[in-house]
Each structure stands twice: as structure tokens, then as C-alpha cells.
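Listing of run-v5.txt; format and content: compact mmCIF, C-alpha atoms and all ligand atoms.
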# COMPACT_ATOMS: atom_id res chain seq x y z
CA MET A 123 0.00 0.00 0.00
CA ALA A 124 1.60 3.25 -1.11
CA SER A 125 0.09 5.85 1.22
CA GLU A 126 -3.36 6.20 2.78
CA PRO A 127 -5.78 3.27 2.30
CA VAL A 128 -8.34 4.02 -0.39
CA ASN A 129 -10.71 1.06 -0.22
CA ALA A 130 -12.08 -1.54 2.19
CA ASN A 131 -9.44 -4.12 1.25
CA GLU A 132 -6.63 -1.70 1.99
CA PHE A 133 -8.18 -0.76 5.35
CA ARG A 134 -8.31 -4.46 6.21
CA GLU A 135 -4.69 -4.89 5.20
CA LEU A 136 -3.71 -1.93 7.40
CA ALA A 137 -5.68 -3.37 10.31
CA GLY A 138 -3.61 -6.55 9.93
CA HIS A 139 -0.48 -4.51 10.59
CA VAL A 140 -1.72 -2.59 13.62
CA LEU A 141 -4.14 -4.88 15.48
CA PRO A 142 -3.18 -7.86 17.65
CA LYS A 143 -3.70 -10.99 15.49
CA MET A 144 -6.45 -12.25 17.82
CA TYR A 145 -8.59 -9.16 17.19
CA TYR A 146 -7.79 -8.96 13.51
CA ASP A 147 -8.89 -12.58 13.04
CA PHE A 148 -12.08 -11.94 15.03
CA TYR A 149 -13.06 -9.06 12.77
CA THR A 150 -12.15 -10.62 9.46
CA GLY A 151 -12.55 -14.36 9.93
CA GLY A 152 -15.31 -16.78 8.93
CA ALA A 153 -16.44 -20.25 9.97
CA GLU A 154 -14.38 -23.42 9.38
CA ASP A 155 -12.57 -23.30 6.03
CA GLN A 156 -13.89 -19.77 5.44
CA HIS A 157 -15.06 -21.03 2.07
CA THR A 158 -18.33 -19.09 2.06
CA LEU A 159 -16.60 -15.91 3.13
CA LYS A 160 -14.17 -16.15 0.23
CA GLN A 161 -16.86 -17.24 -2.19
CA ASN A 162 -19.00 -14.21 -1.32
CA VAL A 163 -16.19 -11.93 -2.40
CA ASP A 164 -15.16 -14.03 -5.40
CA ALA A 165 -18.75 -14.20 -6.68
CA PHE A 166 -18.71 -10.43 -7.09
CA ARG A 167 -15.24 -10.48 -8.64
CA ARG A 168 -16.33 -12.98 -11.26
CA ILE A 169 -19.00 -10.63 -12.56
CA ILE A 170 -17.44 -8.59 -15.31
CA ILE A 171 -19.49 -5.63 -16.38
CA ASP A 172 -19.60 -5.10 -20.11
CA LYS A 173 -20.12 -1.38 -20.39
CA SER A 174 -20.38 -1.41 -24.15
CA ALA A 175 -23.59 -0.44 -25.87
CA THR A 176 -25.00 -0.58 -29.37
CA VAL A 177 -26.40 2.58 -30.91
CA LEU A 178 -27.94 2.48 -34.37
CA GLY A 179 -26.07 -0.76 -35.02
CA TYR A 180 -22.66 0.59 -33.98
CA LYS A 181 -20.92 -0.79 -30.94
CA ILE A 182 -19.52 1.84 -28.56
CA SER A 183 -17.25 0.96 -25.64
CA ALA A 184 -19.37 2.78 -23.06
CA PRO A 185 -22.91 4.19 -23.13
CA ILE A 186 -21.53 7.71 -23.29
CA MET A 187 -21.41 10.10 -26.24
CA ILE A 188 -20.43 13.76 -26.59
CA ALA A 189 -23.33 16.18 -26.97
CA PRO A 190 -23.08 18.76 -29.73
CA THR A 191 -22.01 22.23 -28.63
CA ALA A 192 -21.64 25.24 -30.89
CA ARG A 193 -18.87 27.79 -31.28
CA HIS A 194 -15.85 25.99 -29.94
CA GLN A 195 -13.68 28.58 -31.63
CA LEU A 196 -14.63 31.10 -28.95
CA ALA A 197 -12.49 29.05 -26.55
CA HIS A 198 -9.69 28.31 -29.02
CA PRO A 199 -9.39 28.72 -32.80
CA GLU A 200 -8.52 25.04 -33.26
CA VAL A 201 -10.52 23.45 -30.53
CA SER A 202 -13.19 21.81 -32.67
CA ILE A 203 -10.76 19.97 -34.96
CA LEU A 204 -11.28 16.22 -34.73
CA PRO A 205 -8.07 14.21 -34.54
CA THR A 206 -7.42 12.31 -37.79
CA GLY A 207 -7.25 9.00 -35.96
CA ALA A 208 -10.45 9.58 -34.04
CA GLN A 209 -12.41 6.35 -33.79
CA ALA A 210 -15.60 8.28 -33.19
CA ILE A 211 -18.89 7.53 -34.89
CA LYS A 212 -19.98 10.96 -36.03
CA TRP A 213 -23.58 12.12 -36.21
CA TYR A 214 -24.44 15.30 -38.07
CA LEU A 215 -26.40 17.88 -36.05
CA SER A 216 -28.95 19.90 -37.90
CA GLU A 217 -30.47 22.83 -36.02
CA GLN A 218 -33.05 23.42 -38.69
CA VAL A 219 -34.20 21.98 -41.98
CA TYR A 220 -34.37 24.29 -44.96
CA LYS A 221 -37.66 24.73 -46.75
CA ARG A 222 -35.81 24.42 -50.03
CA ARG A 223 -35.16 20.73 -50.66
CA ASP A 224 -31.99 21.42 -52.69
CA ILE A 225 -30.28 23.30 -49.83
CA SER A 226 -31.14 20.60 -47.30
CA ALA A 227 -30.08 17.89 -49.75
CA GLN A 228 -26.73 19.58 -50.36
CA ILE A 229 -25.96 19.80 -46.64
CA VAL A 230 -27.10 16.28 -45.87
CA GLN A 231 -25.18 14.80 -48.81
CA ARG A 232 -22.05 16.59 -47.63
CA ALA A 233 -22.52 15.01 -44.20
CA GLU A 234 -23.04 11.58 -45.80
CA LYS A 235 -19.89 11.95 -47.91
CA SER A 236 -17.91 13.00 -44.84
CA GLY A 237 -18.81 9.75 -43.14
CA TYR A 238 -21.52 10.91 -40.74
CA LYS A 239 -23.72 8.00 -39.72
CA ALA A 240 -26.90 9.74 -38.57
CA ILE A 241 -28.69 13.06 -38.72
CA VAL A 242 -29.67 14.61 -35.39
CA LEU A 243 -32.36 17.23 -35.68
CA THR A 244 -32.55 19.67 -32.78
CA VAL A 245 -36.26 20.15 -32.15
CA ASP A 246 -36.06 22.49 -29.17
CA ALA A 247 -34.42 25.45 -30.85
CA PRO A 248 -36.95 27.11 -33.16
CA ARG A 249 -35.49 30.27 -31.66
CA LEU A 250 -32.62 31.01 -29.31
CA GLY A 251 -33.30 30.93 -25.55
CA ARG A 252 -33.30 34.20 -23.60
CA ARG A 253 -29.85 33.99 -22.06
CA GLU A 254 -29.60 37.02 -19.83
CA ALA A 255 -25.87 36.72 -19.23
CA ASP A 256 -25.37 36.90 -23.02
CA ILE A 257 -27.61 39.98 -23.13
CA GLU A 258 -25.64 41.65 -20.34
CA ASN A 259 -22.35 40.71 -21.94
CA ARG A 260 -23.62 41.97 -25.28
CA MET A 261 -22.72 38.57 -26.67
CA VAL A 262 -25.09 38.94 -29.56
CA ALA A 263 -25.52 36.01 -31.93
CA PRO A 264 -24.75 36.90 -35.54
CA GLN A 265 -28.06 37.54 -37.27
CA LEU A 266 -29.00 34.93 -39.81
CA ASN A 267 -30.68 37.48 -42.04
CA ASN A 268 -29.87 35.55 -45.19
CA PHE A 269 -31.81 32.58 -43.91
CA GLU A 270 -35.02 34.43 -43.09
CA GLY A 271 -38.04 32.61 -44.44
CA ILE A 272 -36.09 29.63 -45.70
CA LEU A 273 -35.81 27.74 -42.43
CA SER A 274 -38.62 25.41 -41.50
CA THR A 275 -39.84 24.95 -37.93
CA ASP A 276 -42.47 22.37 -38.70
CA VAL A 277 -41.17 19.05 -37.43
CA ASN A 278 -43.60 16.98 -39.51
CA SER A 279 -42.44 18.58 -42.75
CA ASP A 280 -38.83 18.52 -41.57
CA ILE A 281 -38.75 14.80 -41.04
CA GLU A 282 -40.47 14.10 -44.36
CA ARG A 283 -38.03 16.40 -46.15
CA LEU A 284 -35.06 14.77 -44.46
CA LYS A 285 -36.32 11.25 -45.14
CA SER A 286 -36.76 12.09 -48.82
CA ILE A 287 -33.11 13.07 -49.19
CA THR A 288 -31.23 10.60 -47.02
CA ASN A 289 -31.26 7.00 -45.88
CA LEU A 290 -29.28 7.87 -42.77
CA PRO A 291 -31.14 7.29 -39.52
CA ILE A 292 -32.67 10.45 -38.06
CA LEU A 293 -32.82 11.35 -34.37
CA PHE A 294 -34.74 14.12 -32.63
CA LYS A 295 -32.85 16.02 -29.94
CA GLY A 296 -34.91 17.92 -27.40
CA VAL A 297 -37.74 15.59 -26.44
CA LEU A 298 -39.03 16.00 -22.88
CA THR A 299 -42.43 14.43 -22.72
CA HIS A 300 -44.43 11.42 -23.83
CA GLU A 301 -47.50 13.33 -25.06
CA VAL A 302 -47.83 16.31 -27.39
CA GLY A 303 -48.23 19.54 -25.49
CA VAL A 304 -48.45 17.99 -22.02
CA LEU A 305 -45.28 19.75 -21.01
CA LEU A 306 -43.31 22.41 -22.77
CA SER A 307 -41.47 20.55 -25.47
CA THR A 308 -42.87 20.92 -28.95
CA ILE A 309 -42.44 17.27 -29.78
CA SER A 310 -43.33 14.22 -27.77
CA ALA A 311 -41.67 10.83 -27.66
CA ARG A 312 -44.79 9.19 -29.13
CA LYS A 313 -44.90 11.70 -31.97
CA ALA A 314 -41.22 11.06 -32.67
CA VAL A 315 -41.85 7.33 -32.94
CA GLU A 316 -44.92 7.97 -35.11
CA VAL A 317 -42.99 10.01 -37.66
CA GLY A 318 -40.34 7.33 -37.91
CA VAL A 319 -37.20 8.53 -36.16
CA ALA A 320 -34.50 6.04 -35.23
CA GLY A 321 -33.91 7.62 -31.85
CA ILE A 322 -34.59 10.51 -29.54
CA VAL A 323 -32.37 12.51 -27.26
CA VAL A 324 -34.12 13.46 -24.03
CA SER A 325 -32.77 16.96 -23.66
CA ASN A 326 -33.70 20.46 -22.57
CA HIS A 327 -30.64 21.87 -24.33
CA GLY A 328 -28.79 21.98 -21.00
CA GLY A 329 -31.32 24.52 -19.69
CA ARG A 330 -30.21 27.01 -22.34
CA GLN A 331 -33.48 27.32 -24.25
CA LEU A 332 -36.54 27.56 -21.99
CA ASP A 333 -36.22 27.99 -18.24
CA TYR A 334 -38.34 25.88 -15.87
CA THR A 335 -38.63 22.90 -18.17
CA PRO A 336 -38.49 19.60 -16.29
CA THR A 337 -35.10 18.08 -15.72
CA THR A 338 -34.18 15.41 -18.22
CA ILE A 339 -33.49 12.68 -15.67
CA SER A 340 -36.96 13.23 -14.15
CA VAL A 341 -38.74 12.52 -17.47
CA LEU A 342 -36.51 9.69 -18.67
CA GLU A 343 -38.72 6.89 -17.34
CA GLU A 344 -41.86 8.41 -18.88
CA VAL A 345 -40.18 8.73 -22.28
CA VAL A 346 -38.67 5.24 -22.23
CA ASP A 347 -42.07 3.87 -21.30
CA ALA A 348 -43.76 5.81 -24.11
CA VAL A 349 -41.46 4.59 -26.87
CA GLY A 350 -41.79 0.97 -25.73
CA GLY A 351 -38.36 -0.06 -27.00
CA LYS A 352 -39.16 0.99 -30.58
CA VAL A 353 -36.38 3.59 -30.86
CA HIS A 354 -33.10 4.43 -29.14
CA VAL A 355 -33.40 6.78 -26.17
CA LEU A 356 -30.41 8.93 -25.25
CA LEU A 357 -30.24 11.61 -22.57
CA ASP A 358 -28.20 14.71 -21.87
CA GLY A 359 -28.30 17.46 -19.28
CA GLY A 360 -26.62 17.52 -15.90
CA VAL A 361 -24.48 14.43 -16.45
CA ARG A 362 -21.30 15.22 -14.57
CA ARG A 363 -19.98 11.91 -13.27
CA GLY A 364 -19.75 8.30 -14.34
CA THR A 365 -22.22 7.47 -11.57
CA ASP A 366 -24.75 9.83 -13.21
CA VAL A 367 -24.58 7.60 -16.29
CA PHE A 368 -25.35 4.54 -14.21
CA LYS A 369 -28.23 6.32 -12.47
CA ALA A 370 -29.73 7.09 -15.87
CA LEU A 371 -29.19 3.48 -17.01
CA ALA A 372 -30.86 2.22 -13.84
CA LEU A 373 -33.93 4.41 -14.46
CA ASP A 374 -34.01 3.29 -18.07
CA ALA A 375 -33.92 -0.39 -17.02
CA GLN A 376 -36.60 0.25 -14.41
CA ALA A 377 -38.88 1.80 -17.02
CA VAL A 378 -38.33 -1.08 -19.43
CA LEU A 379 -39.13 -3.58 -16.69
CA ALA A 380 -42.22 -1.65 -15.61
CA ASN A 381 -43.38 -1.72 -19.21
CA VAL A 382 -42.93 -5.49 -19.40
CA VAL A 383 -44.71 -5.96 -16.06
CA ALA A 384 -47.64 -3.89 -17.33
CA ARG A 385 -47.87 -6.01 -20.47
CA CYS A 386 -47.63 -9.20 -18.44
CA SER A 387 -50.08 -8.12 -15.77
CA LYS A 388 -52.65 -10.73 -16.79
CA ARG A 389 -50.26 -13.54 -15.98
CA ARG A 390 -50.38 -14.87 -12.45
CA THR A 391 -46.66 -15.03 -11.97
CA LEU A 392 -43.93 -13.20 -13.74
CA ASP A 393 -40.52 -14.67 -14.29
CA TYR A 394 -38.40 -11.54 -14.49
CA ARG A 395 -35.45 -13.38 -16.00
CA ASN A 396 -37.62 -14.47 -18.89
CA ALA A 397 -39.70 -11.31 -18.99
CA GLU A 398 -39.38 -10.98 -22.76
CA ARG A 399 -41.64 -14.02 -23.10
CA CYS A 400 -44.56 -11.82 -22.11
CA VAL A 401 -43.85 -9.16 -24.71
C1 LIG B 501 -21.85 26.14 -25.20
C2 LIG B 501 -22.94 25.20 -25.62
C3 LIG B 501 -23.37 25.20 -26.93
C4 LIG B 501 -24.38 24.33 -27.35
N1 LIG B 501 -24.75 24.32 -28.65
C5 LIG B 501 -25.73 23.49 -29.06
C6 LIG B 501 -26.13 23.47 -30.42
O1 LIG B 501 -25.63 24.19 -31.25
N2 LIG B 501 -27.13 22.62 -30.78
C7 LIG B 501 -27.74 21.81 -29.87
O2 LIG B 501 -28.64 21.05 -30.24
N3 LIG B 501 -27.37 21.79 -28.57
C8 LIG B 501 -26.39 22.61 -28.15
N4 LIG B 501 -26.02 22.62 -26.83
C9 LIG B 501 -26.71 21.72 -25.88
C10 LIG B 501 -25.96 20.40 -25.72
O3 LIG B 501 -25.98 19.64 -26.90
C11 LIG B 501 -26.61 19.57 -24.61
O4 LIG B 501 -27.99 19.39 -24.90
C12 LIG B 501 -26.48 20.19 -23.22
O5 LIG B 501 -25.24 20.86 -23.11
C13 LIG B 501 -26.57 19.12 -22.15
O6 LIG B 501 -26.61 19.67 -20.89
P1 LIG B 501 -25.32 19.80 -19.93
O7 LIG B 501 -24.56 21.00 -20.45
O8 LIG B 501 -25.88 19.97 -18.57
O9 LIG B 501 -24.52 18.53 -20.05
C14 LIG B 501 -25.00 23.47 -26.40
C15 LIG B 501 -24.56 23.48 -25.06
C16 LIG B 501 -23.55 24.33 -24.67
C17 LIG B 501 -23.10 24.29 -23.22

What does the file become when written as C-alpha cells?
Ligand SMILES: Cc1cc2nc3c(=O)[nH]c(=O)nc-3n(C[C@H](O)[C@H](O)[C@H](O)COP(=O)(O)O)c2cc1C
Amino acid sequence: MASEPVNANEFRELAGHVLPKMYYDFYTGGAEDQHTLKQNVDAFRRIIIDKSATVLGYKISAPIMIAPTARHQLAHPEVSILPTGAQAIKWYLSEQVYKRRDISAQIVQRAEKSGYKAIVLTVDAPRLGRREADIENRMVAPQLNNFEGILSTDVNSDIERLKSITNLPILFKGVLTHEVGVLLSTISARKAVEVGVAGIVVSNHGGRQLDYTPTTISVLEEVVDAVGGKVHVLLDGGVRRGTDVFKALALDAQAVLANVVARCSKRRTLDYRNAERCV
């Protein structure tokens, strides 16, 4: 042990150095051959967690992706350059779809040619959020005057337009609710499934668009339940630690299980390990 103990095993090892053997053995020992005691620990050790996940048919080593963020150049002129050897699976983020099919087609085809594997359509940014710090700092977004009237904000038309120009899977980013209009998001999980997206990102744009929307982690279960396993569900917002990822995964699993239980409710007993039999 190098310095201070950092886990239970190292505390036990330290105790072995400082306690009389009689007391150390009393605290740490088991019955007879101590087989069960060792087996308890070994049983956990034998379980190897495979953290990999599959998204849109691509295997990723952990269920973690990087959310799109604009204007990296404000931090550093070269900061948004992807390393040549990057193993990343890139998805193209589209804030808006253009009313003119040829402009949309041009952009999407460029993304396809550059090896992007999906189109992510941000559905919670028909206009920029009121960011008061930006107002105070006079950090005014460049006006997109040239685009006036050519951007669409109608999700139904957007998805049809996108589908007509690409075979790439399409995801909606910015879904917060299962039903249209129940909460504040313009698009619900059910609607997203209905119009044929491959996945949705539960997101409130990191709280940068509309204040007082629900937190993403609080609506995850409802959304997972609503899509019933038909499309991928991703989440962003407030994820700051690896344990946050596992909390989200746990809620996701809970929602899936609840869904299965609901569908199996007519059965007298439910074998959770074979729950898919009820589906
Ligand atoms: C500086 C910044 C710029 C962003 N730009 C975009 C953007 O252009 N399009 C978009 O869909 N989301 C954008 N987002 C939102 C992120 O994709 C993501 O939804 C959000 O940051 C997640 O919340 P978190 O910051 O708490 O992790 C941006 C976020 C930040 C912090």
C-alpha cells in the first residue's frame, strides 16, 4: 500500500499490521474453512461488467457520447478539430431543416460523404433561448438574415423532407415528454416514434433554451415507457460523473421492466429473468 488506504481491502490490510492478530482474526474471519466468506467476495469479482452499448447498429465501448455544442472557436481557434485517428462515430447535427429541398439535400449529402452516420435534428431550438448573461455581456448572436423565411420549424415537414433526401437514420434532440403539449417541449416521444425517427435525445438543451422545463433525468422513465423499445433513447443534461450515467441506465432499465410488467399483468406469476416471453 503506497500511502493512505483508499478502499475496504486496503483498510483491512492496514488493520492486519496494527491490530493484535487475535482481534484482527475476530473481525475478518469466517467459519471453518472460510469457504463461504471467500466465495462471497469471489462471486462479485467474477461478474465482469460489459459497459459497451450498441447505438444504431454501432458498438460503442461505453454508453456515453459527446453532446453537440456550438462555437468551440470562442475558446480556441482550433478546438473543434477532430483528430485524424479519431475512432468516433460521427452524427451530423442539424439545427433546422431548410424549406428548399436542394439546400437541405446539399448539406445532408455533404454530411453523408464526410462519413456521418446519422442526422440529429434539434427540435427544441426554433429560436434562441433568452440567455440574460449573453444579453448583459452583449454577446449577440450573428443575425442569420440571409436565412429568413427559408428555415422550417415544422417538425412533420422537416422529417419528411429529411427522409426524402437521405437514408441515414434520423434522431430528434430535445424531447421531454411522452405526449404532445403535455409539457413544454414541442415534440413528444410518441410523436417522434410515429414520424419514424431512429432515436430521440431526451434533452432540454442543457437549460439554455426555456427555463423551468423539467429536468431530463426526471422525465426519462416516462419517455422510455412511451417509446416501448421501438427507438433508441439517449439523454443529456446535468451528467457530470460516471455514476450519473449509471443512475440514468438504472432508471431506463426500471422503465423497461415496468413496461414489461404492465404487459404481463394478466399472468399470475412473472418470471423476471424471462420477462421478454410476455412481450
Ligand atoms: C456552449 C454550448 C453550446 C451548445 N450548442 C448546441 C447546439 O448548437 N445545438 C444543440 O442542439 N445543442 C447545443 N447545446 C446543448 C448540448 O448539446 C446539450 O444538450 C447540453 O449541453 C446538455 O446539458 P449539460 O450541459 O448539462 O450537459 C450546447 C450546449 C452548450 C453548453

At most 6 Å from ligand LIG 501 (chain B) (only C-alpha atoms and all ligand atoms): residue list as a count of residues only: 12

Close residues, region 177-183 of chain A itself excluded, 12 Å, all atoms listed in the file, min 6 positions apart in chain, as an MDAnalysis selection string: chainID A and resid 171 209:213 239:241 290:293 319:322 352:356

So that I can see what lies close to Ile281 (chain A), please list as a count of residues only the residues with an atom at most 10 Å from it, counting only C-alpha atoms and leaving out residues fewer than 3 positions away in the same chain. 15

What is the distance between CA of Glu282 (chain A) and CA of Asp347 (chain A), in Å to one decimal?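 Pair CA of Glu282 (chain A) / CA of Asp347 (chain A) returns 25.3 Å.
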
Could you check how far CA of Ala227 (chain A) sits from CA of Thr288 (chain A), in Å to one decimal?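 It comes out at 7.9 Å.
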
I'd like to know which of A:Gly237, A:Gly351, A:Pro248, A:Gly364 is closest to Ala377 (chain A), using all atoms listed in the file. A:Gly351

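Of the residues under consideration (A:Gly151, A:Ile229, A:Val324, A:Glu344), A:Ile229 shows the shortest atom-to-atom contact distance to Ile287 (chain A) when counting only C-alpha atoms.
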
To one decimal in Å, tell me the separation between CA of Asn289 (chain A) and CA of Lys173 (chain A). 29.1 Å

Pick out the closest residue to Met187 (chain A) from this set: A:Ala153, A:Leu357, A:Val382, A:Val349. Count all atoms listed in the file.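 For Met187 (chain A), the nearest of the given residues is A:Leu357.
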
Determine the nearest neighbour of Arg363 (chain A) from the options A:Ile186, A:Ile170, A:Ala165, A:Ala137, counting all atoms listed in the file.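 Of A:Ile186, A:Ile170, A:Ala165, A:Ala137, the one nearest Arg363 (chain A) is A:Ile186, counting all atoms listed in the file.
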